[in-house]
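Structure data (PDB, C-alpha atoms) from work19.pdb:
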MODEL        1
ATOM      1  CA  MET A  12      52.893 -48.957 163.883
ATOM      2  CA  LYS A  13      51.868 -52.216 162.191
ATOM      3  CA  ILE A  14      50.610 -54.970 164.492
ATOM      4  CA  LEU A  15      53.111 -57.613 163.310
ATOM      5  CA  TYR A  16      55.937 -55.094 163.390
ATOM      6  CA  TYR A  17      55.065 -54.104 166.945
ATOM      7  CA  ALA A  18      54.728 -57.766 168.006
ATOM      8  CA  GLY A  19      58.166 -58.600 166.611
ATOM      9  CA  TRP A  20      59.593 -55.397 168.104
ATOM     10  CA  SER A  21      58.298 -56.302 171.569
ATOM     11  CA  LEU A  22      59.333 -59.972 171.425
ATOM     12  CA  THR A  23      62.855 -59.173 170.222
ATOM     13  CA  ARG A  24      63.347 -56.630 172.990
ATOM     14  CA  LEU A  25      62.095 -59.081 175.616
ATOM     15  CA  VAL A  26      64.202 -62.032 174.447
ATOM     16  CA  SER A  27      67.398 -60.068 173.830
ATOM     17  CA  LYS A  28      67.177 -58.360 177.214
ATOM     18  CA  LEU A  29      66.157 -61.303 179.379
ATOM     19  CA  LEU A  30      68.065 -64.130 177.702
ATOM     20  CA  PHE A  31      71.111 -62.315 176.346
ATOM     21  CA  ARG A  32      71.350 -59.249 178.609
ATOM     22  CA  ILE A  33      71.825 -56.992 175.615
ATOM     23  CA  GLU A  34      73.589 -53.692 176.213
ATOM     24  CA  ILE A  35      72.300 -50.692 174.237
ATOM     25  CA  THR A  36      74.070 -47.336 174.028
ATOM     26  CA  GLY A  37      73.756 -44.239 171.883
ATOM     27  CA  THR A  38      70.026 -44.228 171.161
ATOM     28  CA  GLU A  39      70.150 -40.453 171.571
ATOM     29  CA  ASN A  40      72.060 -40.361 168.266
ATOM     30  CA  ILE A  41      68.937 -41.370 166.328
ATOM     31  CA  PRO A  42      67.344 -38.278 164.701
ATOM     32  CA  PRO A  43      64.021 -37.503 166.432
ATOM     33  CA  THR A  44      62.237 -36.714 163.159
ATOM     34  CA  GLY A  45      62.695 -37.148 159.416
ATOM     35  CA  GLY A  46      64.157 -39.920 157.322
ATOM     36  CA  PHE A  47      67.516 -41.440 158.203
ATOM     37  CA  ILE A  48      69.698 -44.464 157.541
ATOM     38  CA  ILE A  49      71.071 -46.681 160.288
ATOM     39  CA  ALA A  50      74.067 -48.663 159.058
ATOM     40  CA  THR A  51      75.402 -51.653 160.990
ATOM     41  CA  ASN A  52      77.747 -54.575 160.565
ATOM     42  CA  HIS A  53      76.080 -57.852 159.590
ATOM     43  CA  ARG A  54      76.882 -61.258 161.081
ATOM     44  CA  SER A  55      73.521 -62.884 161.760
ATOM     45  CA  TYR A  56      69.944 -63.232 160.542
ATOM     46  CA  PHE A  57      68.954 -61.588 163.831
ATOM     47  CA  ASP A  58      70.641 -58.271 162.998
ATOM     48  CA  PRO A  59      67.605 -56.657 161.286
ATOM     49  CA  LEU A  60      65.471 -57.534 164.318
ATOM     50  CA  LEU A  61      67.972 -56.104 166.782
ATOM     51  CA  ALA A  62      68.626 -52.965 164.759
ATOM     52  CA  GLY A  63      64.924 -52.167 164.513
ATOM     53  CA  SER A  64      63.665 -53.262 167.901
ATOM     54  CA  TRP A  65      65.907 -51.080 170.035
ATOM     55  CA  LEU A  66      65.054 -47.844 168.250
ATOM     56  CA  ARG A  67      62.068 -45.786 169.283
ATOM     57  CA  ARG A  68      61.327 -44.980 165.658
ATOM     58  CA  GLN A  69      59.918 -47.311 163.037
ATOM     59  CA  VAL A  70      62.482 -48.551 160.516
ATOM     60  CA  TYR A  71      62.505 -50.630 157.342
ATOM     61  CA  PHE A  72      65.131 -53.119 156.215
ATOM     62  CA  LEU A  73      66.145 -55.025 153.091
ATOM     63  CA  GLY A  74      65.657 -58.773 152.702
ATOM     64  CA  LYS A  75      66.831 -60.982 149.863
ATOM     65  CA  ALA A  76      64.164 -61.436 147.187
ATOM     66  CA  GLU A  77      64.126 -65.218 147.628
ATOM     67  CA  LEU A  78      62.517 -64.817 151.055
ATOM     68  CA  PHE A  79      59.424 -63.277 149.469
ATOM     69  CA  LYS A  80      58.731 -66.230 147.135
ATOM     70  CA  ASN A  81      56.847 -68.096 149.834
ATOM     71  CA  LYS A  82      53.516 -66.274 149.918
ATOM     72  CA  LEU A  83      52.876 -66.715 153.646
ATOM     73  CA  PHE A  84      56.394 -65.838 154.768
ATOM     74  CA  GLY A  85      56.551 -63.006 152.251
ATOM     75  CA  TRP A  86      53.301 -61.620 153.624
ATOM     76  CA  VAL A  87      54.653 -61.738 157.182
ATOM     77  CA  ILE A  88      57.991 -60.056 156.510
ATOM     78  CA  THR A  89      56.376 -57.416 154.304
ATOM     79  CA  ARG A  90      54.256 -56.425 157.295
ATOM     80  CA  THR A  91      57.321 -56.274 159.486
ATOM     81  CA  ASN A  92      58.803 -53.647 157.120
ATOM     82  CA  ALA A  93      61.006 -55.831 154.909
ATOM     83  CA  LEU A  94      61.762 -54.615 151.384
ATOM     84  CA  PRO A  95      62.836 -57.137 148.695
ATOM     85  CA  VAL A  96      66.244 -56.781 147.065
ATOM     86  CA  LYS A  97      67.984 -58.881 144.408
ATOM     87  CA  ARG A  98      71.487 -59.699 145.547
ATOM     88  CA  GLY A  99      74.570 -59.675 143.349
ATOM     89  CA  THR A 100      73.475 -56.655 141.345
ATOM     90  CA  ILE A 101      72.358 -53.072 141.801
ATOM     91  CA  ASP A 102      68.606 -53.531 142.179
ATOM     92  CA  ARG A 103      67.122 -50.264 140.944
ATOM     93  CA  ASN A 104      63.637 -51.176 142.128
ATOM     94  CA  ALA A 105      64.938 -51.857 145.642
ATOM     95  CA  VAL A 106      66.747 -48.516 145.620
ATOM     96  CA  LYS A 107      63.496 -46.835 144.582
ATOM     97  CA  LEU A 108      61.604 -48.477 147.458
ATOM     98  CA  CYS A 109      64.294 -47.413 149.925
ATOM     99  CA  VAL A 110      64.205 -43.828 148.730
ATOM    100  CA  GLU A 111      60.410 -43.741 149.017
ATOM    101  CA  VAL A 112      60.520 -45.056 152.599
ATOM    102  CA  ILE A 113      63.114 -42.490 153.646
ATOM    103  CA  GLU A 114      61.284 -39.643 151.926
ATOM    104  CA  LYS A 115      58.180 -40.569 153.911
ATOM    105  CA  GLY A 116      60.167 -39.870 157.064
ATOM    106  CA  TYR A 117      61.030 -43.407 158.167
ATOM    107  CA  GLY A 118      64.366 -44.956 159.049
ATOM    108  CA  LEU A 119      66.064 -47.550 156.866
ATOM    109  CA  THR A 120      68.441 -50.238 158.145
ATOM    110  CA  VAL A 121      71.279 -50.887 155.705
ATOM    111  CA  PHE A 122      74.122 -53.375 155.995
ATOM    112  CA  PRO A 123      76.982 -51.800 154.009
ATOM    113  CA  GLU A 124      78.687 -55.182 153.596
ATOM    114  CA  GLY A 125      75.677 -56.439 151.622
ATOM    115  CA  THR A 126      75.719 -59.900 153.214
ATOM    116  CA  ARG A 127      76.738 -61.621 156.433
ATOM    117  CA  ALA A 128      80.417 -61.650 157.366
ATOM    118  CA  ARG A 129      81.374 -65.199 158.302
ATOM    119  CA  GLY A 130      84.619 -65.937 160.077
ATOM    120  CA  VAL A 131      85.874 -62.353 159.798
ATOM    121  CA  ASP A 132      85.023 -59.121 161.539
ATOM    122  CA  PHE A 133      84.038 -57.174 158.442
ATOM    123  CA  LEU A 134      83.630 -57.466 154.686
ATOM    124  CA  SER A 135      84.409 -54.724 152.193
ATOM    125  CA  PRO A 136      81.395 -52.418 151.773
ATOM    126  CA  LYS A 137      79.230 -52.437 148.673
ATOM    127  CA  PRO A 138      78.133 -49.219 146.910
ATOM    128  CA  GLY A 139      74.424 -49.694 147.717
ATOM    129  CA  ILE A 140      74.391 -47.499 150.811
ATOM    130  CA  GLY A 141      76.149 -44.766 148.845
ATOM    131  CA  ILE A 142      73.555 -44.906 146.086
ATOM    132  CA  ILE A 143      70.632 -44.642 148.519
ATOM    133  CA  ALA A 144      72.250 -41.979 150.685
ATOM    134  CA  THR A 145      73.301 -39.661 147.862
ATOM    135  CA  GLN A 146      69.756 -39.745 146.503
ATOM    136  CA  THR A 147      68.081 -39.025 149.830
ATOM    137  CA  LYS A 148      70.756 -36.847 151.484
ATOM    138  CA  VAL A 149      69.767 -37.842 155.009
ATOM    139  CA  PRO A 150      71.903 -38.505 158.107
ATOM    140  CA  ILE A 151      73.587 -41.898 158.319
ATOM    141  CA  VAL A 152      73.817 -43.327 161.822
ATOM    142  CA  PRO A 153      76.578 -45.952 162.196
ATOM    143  CA  ALA A 154      76.127 -48.758 164.700
ATOM    144  CA  TYR A 155      77.995 -51.861 165.779
ATOM    145  CA  ILE A 156      76.159 -55.059 166.760
ATOM    146  CA  HIS A 157      78.015 -57.583 168.910
ATOM    147  CA  GLY A 158      77.095 -61.160 169.736
ATOM    148  CA  SER A 159      74.193 -61.779 167.350
ATOM    149  CA  ASN A 160      76.208 -64.684 165.889
ATOM    150  CA  ARG A 161      77.356 -65.931 169.295
ATOM    151  CA  LEU A 162      74.079 -66.765 171.005
ATOM    152  CA  LYS A 163      75.494 -69.555 173.170
ATOM    153  CA  SER A 164      78.266 -67.335 174.488
ATOM    154  CA  CYS A 165      75.824 -64.499 175.169
ATOM    155  CA  PHE A 166      73.127 -66.640 176.793
ATOM    156  CA  LEU A 167      72.305 -65.024 180.149
ATOM    157  CA  GLY A 168      75.445 -62.939 179.716
ATOM    158  CA  LEU A 169      77.515 -65.681 181.365
ATOM    159  CA  ARG A 170      80.530 -65.413 179.038
ATOM    160  CA  GLU A 171      79.862 -62.210 177.116
ATOM    161  CA  ARG A 172      77.036 -59.792 176.480
ATOM    162  CA  MET A 173      75.173 -59.044 173.330
ATOM    163  CA  GLY A 174      75.295 -55.369 172.433
ATOM    164  CA  MET A 175      74.271 -52.661 170.010
ATOM    165  CA  PHE A 176      76.313 -49.483 170.133
ATOM    166  CA  ILE A 177      75.071 -46.491 168.151
ATOM    167  CA  GLY A 178      77.504 -43.779 167.157
ATOM    168  CA  PRO A 179      77.110 -40.112 166.208
ATOM    169  CA  PRO A 180      75.445 -39.621 162.805
ATOM    170  CA  ILE A 181      77.219 -38.561 159.652
ATOM    171  CA  PRO A 182      75.372 -35.273 159.014
ATOM    172  CA  ALA A 183      73.137 -34.837 155.979
ATOM    173  CA  GLU A 184      75.370 -31.994 154.788
ATOM    174  CA  GLN A 185      78.391 -34.291 154.725
ATOM    175  CA  VAL A 186      76.438 -37.028 152.958
ATOM    176  CA  ALA A 187      75.352 -34.517 150.311
ATOM    177  CA  SER A 188      78.990 -33.554 149.654
ATOM    178  CA  PHE A 189      79.734 -36.933 148.028
ATOM    179  CA  PRO A 190      79.272 -37.024 144.235
ATOM    180  CA  ALA A 191      76.476 -39.190 142.827
ATOM    181  CA  ASN A 192      78.785 -41.445 140.839
ATOM    182  CA  LYS A 193      80.543 -44.781 141.306
ATOM    183  CA  GLU A 194      83.535 -43.256 143.029
ATOM    184  CA  GLY A 195      81.359 -41.214 145.363
ATOM    185  CA  TYR A 196      79.202 -44.231 146.266
ATOM    186  CA  PHE A 197      82.240 -46.278 147.283
ATOM    187  CA  GLN A 198      83.836 -43.387 149.156
ATOM    188  CA  LEU A 199      80.708 -42.866 151.234
ATOM    189  CA  ALA A 200      80.362 -46.604 151.871
ATOM    190  CA  GLU A 201      83.989 -46.727 153.040
ATOM    191  CA  LEU A 202      83.387 -43.790 155.383
ATOM    192  CA  VAL A 203      80.387 -45.534 156.924
ATOM    193  CA  MET A 204      82.342 -48.774 157.444
ATOM    194  CA  SER A 205      85.205 -46.859 159.042
ATOM    195  CA  ARG A 206      82.748 -45.336 161.530
ATOM    196  CA  ILE A 207      81.346 -48.785 162.361
ATOM    197  CA  LYS A 208      84.867 -50.139 162.933
ATOM    198  CA  GLU A 209      85.647 -47.141 165.113
ATOM    199  CA  ILE A 210      82.639 -47.897 167.305
ATOM    200  CA  GLN A 211      83.796 -51.507 167.649
ATOM    201  CA  SER A 212      87.261 -50.447 168.743
ATOM    202  CA  GLN A 213      85.986 -47.916 171.293
ATOM    203  CA  MET A 214      83.010 -49.694 172.785
ATOM    204  CA  ARG A 215      83.881 -53.270 173.606
ATOM    205  CA  PRO A 216      80.931 -55.080 175.233
ATOM    206  CA  ALA A 217      81.273 -56.082 178.853
ATOM    207  CA  LYS A 218      82.188 -59.744 179.398
TER     208      LYS A 218
ENDMDL
END

For the file at hand, write its structure as structure tokens.
Amino acid sequence: MKILYYAGWSLTRLVSKLLFRIEITGTENIPPTGGFIIATNHRSYFDPLLAGSWLRRQVYFLGKAELFKNKLFGWVITRTNALPVKRGTIDRNAVKLCVEVIEKGYGLTVFPEGTRARGVDFLSPKPGIGIIATQTKVPIVPAYIHGSNRLKSCFLGLRERMGMFIGPPIPAEQVASFPANKEGYFQLAELVMSRIKEIQSQMRPAK
């Protein structure tokens, strides 16, 4: 594990547990070996940190290409497993990087909505996760993150608790059953979002 990745992993776990009393469930749903995708809702810049830090396996995540323009910051986030992606289009190079990471046996964090949902629970999913998943044919693990955009409310767990709830994976065989075309990409993305919403409805964080 990279030194900066491990440092960020440790600090995020410490802060989220001590200051926000984060509740974590379902870690047993993460495949013990091989590449996989973990797909979560997206409401805060802290989501990639939370999604990666509470898994026992090393994962990569996508960051908007603009973040890599600053050489120092780009160097730091590259060493914490960030992969650059151009937003607003299907970035073929980013897809290639994601596929390579998964094929090497790592996990990849994907936000199906493509950007942060502000003022609403969820946005409509983009086809990106479908494109990556149909190429790699690996399990997709849905997860719901609560409270990452409500830090004041979650501070010390006084009003509500931060949480990450991990659901059962969509098996590789089911992922492989979706056609590698536009319709198939959107259908798979919709399935993933429905699983995330299901987790939200069933596993409300303690308040």

Contacts of Ala183 (chain A) at 10 Å or less, counting only C-alpha atoms, minus same-chain residues fewer than 3 places along, as an MDAnalysis selection string? chainID A and resid 47 144:145 147:151 180 186:188

Quick check, in Å to one decimal: how far apart do CA of Pro179 (chain A) and CA of Val106 (chain A) lie? 24.5 Å

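You will find CA of Thr91 (chain A) at 12.6 Å from CA of Leu119 (chain A).
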
Given the PyMOL selection byres ((chain A and resi 68-78) around 7), the residues it picks as a ChimeraX atom specification: /A:59,63,66-67,79-81,85,92-98,117-121

Those selected residues, please, written with C-alpha atoms and delivered as a compact mmCIF listing (two decimals), keeping the file's coordinate frame.
# COMPACT_ATOMS: atom_id res chain seq x y z
CA PRO A 59 67.60 -56.66 161.29
CA GLY A 63 64.92 -52.17 164.51
CA LEU A 66 65.05 -47.84 168.25
CA ARG A 67 62.07 -45.79 169.28
CA PHE A 79 59.42 -63.28 149.47
CA LYS A 80 58.73 -66.23 147.14
CA ASN A 81 56.85 -68.10 149.83
CA GLY A 85 56.55 -63.01 152.25
CA ASN A 92 58.80 -53.65 157.12
CA ALA A 93 61.01 -55.83 154.91
CA LEU A 94 61.76 -54.62 151.38
CA PRO A 95 62.84 -57.14 148.70
CA VAL A 96 66.24 -56.78 147.06
CA LYS A 97 67.98 -58.88 144.41
CA ARG A 98 71.49 -59.70 145.55
CA TYR A 117 61.03 -43.41 158.17
CA GLY A 118 64.37 -44.96 159.05
CA LEU A 119 66.06 -47.55 156.87
CA THR A 120 68.44 -50.24 158.15
CA VAL A 121 71.28 -50.89 155.71

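Residue nearest Val26 (chain A), chosen from A:Ile181, A:Ile156, A:Leu83, A:Cys165 and counting only C-alpha atoms: A:Cys165.
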
CA of Ile48 (chain A) and CA of Glu114 (chain A) are how many Å apart? 11.2 Å

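Each of A:Gly195, A:Gln146, A:Gln213, A:Phe84 was compared to Ile113 (chain A) using only C-alpha atoms, and A:Gln146 turns out to be the nearest.
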
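Compared by their closest atoms to Val152 (chain A), and using all atoms listed in the file, the residues A:Arg127, A:Arg172, A:Arg206, A:Lys137 rank with A:Arg206 nearest.
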
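With only C-alpha atoms as the basis for measurement, A:Arg32 is the residue among A:Arg32, A:Lys13, A:Arg24, A:Arg103 that approaches Met173 (chain A) most closely.
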
Residues near Thr36 (chain A), cut-off 12 Å, all atoms listed in the file, skip fewer than 2 positions along chain, as a PDB file with C-alpha atoms, keeping the file's coordinate frame:
ATOM      1  CA  ILE A  33      71.825 -56.992 175.615  1.00  0.00           C
ATOM      2  CA  GLU A  34      73.589 -53.692 176.213  1.00  0.00           C
ATOM      3  CA  THR A  38      70.026 -44.228 171.161  1.00  0.00           C
ATOM      4  CA  GLU A  39      70.150 -40.453 171.571  1.00  0.00           C
ATOM      5  CA  ASN A  40      72.060 -40.361 168.266  1.00  0.00           C
ATOM      6  CA  ILE A  41      68.937 -41.370 166.328  1.00  0.00           C
ATOM      7  CA  TRP A  65      65.907 -51.080 170.035  1.00  0.00           C
ATOM      8  CA  LEU A  66      65.054 -47.844 168.250  1.00  0.00           C
ATOM      9  CA  ALA A 154      76.127 -48.758 164.700  1.00  0.00           C
ATOM     10  CA  TYR A 155      77.995 -51.861 165.779  1.00  0.00           C
ATOM     11  CA  ILE A 156      76.159 -55.059 166.760  1.00  0.00           C
ATOM     12  CA  MET A 173      75.173 -59.044 173.330  1.00  0.00           C
ATOM     13  CA  GLY A 174      75.295 -55.369 172.433  1.00  0.00           C
ATOM     14  CA  MET A 175      74.271 -52.661 170.010  1.00  0.00           C
ATOM     15  CA  PHE A 176      76.313 -49.483 170.133  1.00  0.00           C
ATOM     16  CA  ILE A 177      75.071 -46.491 168.151  1.00  0.00           C
ATOM     17  CA  GLY A 178      77.504 -43.779 167.157  1.00  0.00           C
ATOM     18  CA  PRO A 179      77.110 -40.112 166.208  1.00  0.00           C
ATOM     19  CA  ILE A 210      82.639 -47.897 167.305  1.00  0.00           C
ATOM     20  CA  MET A 214      83.010 -49.694 172.785  1.00  0.00           C
ATOM     21  CA  ARG A 215      83.881 -53.270 173.606  1.00  0.00           C
ATOM     22  CA  PRO A 216      80.931 -55.080 175.233  1.00  0.00           C
TER      23      PRO A 216
END

Which polymer residues have any atom within 9 Å of an atom of Ile143 (chain A), counting only C-alpha atoms, with same-chain residues fewer than 5 positions away left out, as number ranges by chain? A: 106-107, 109-110, 138, 148, 196
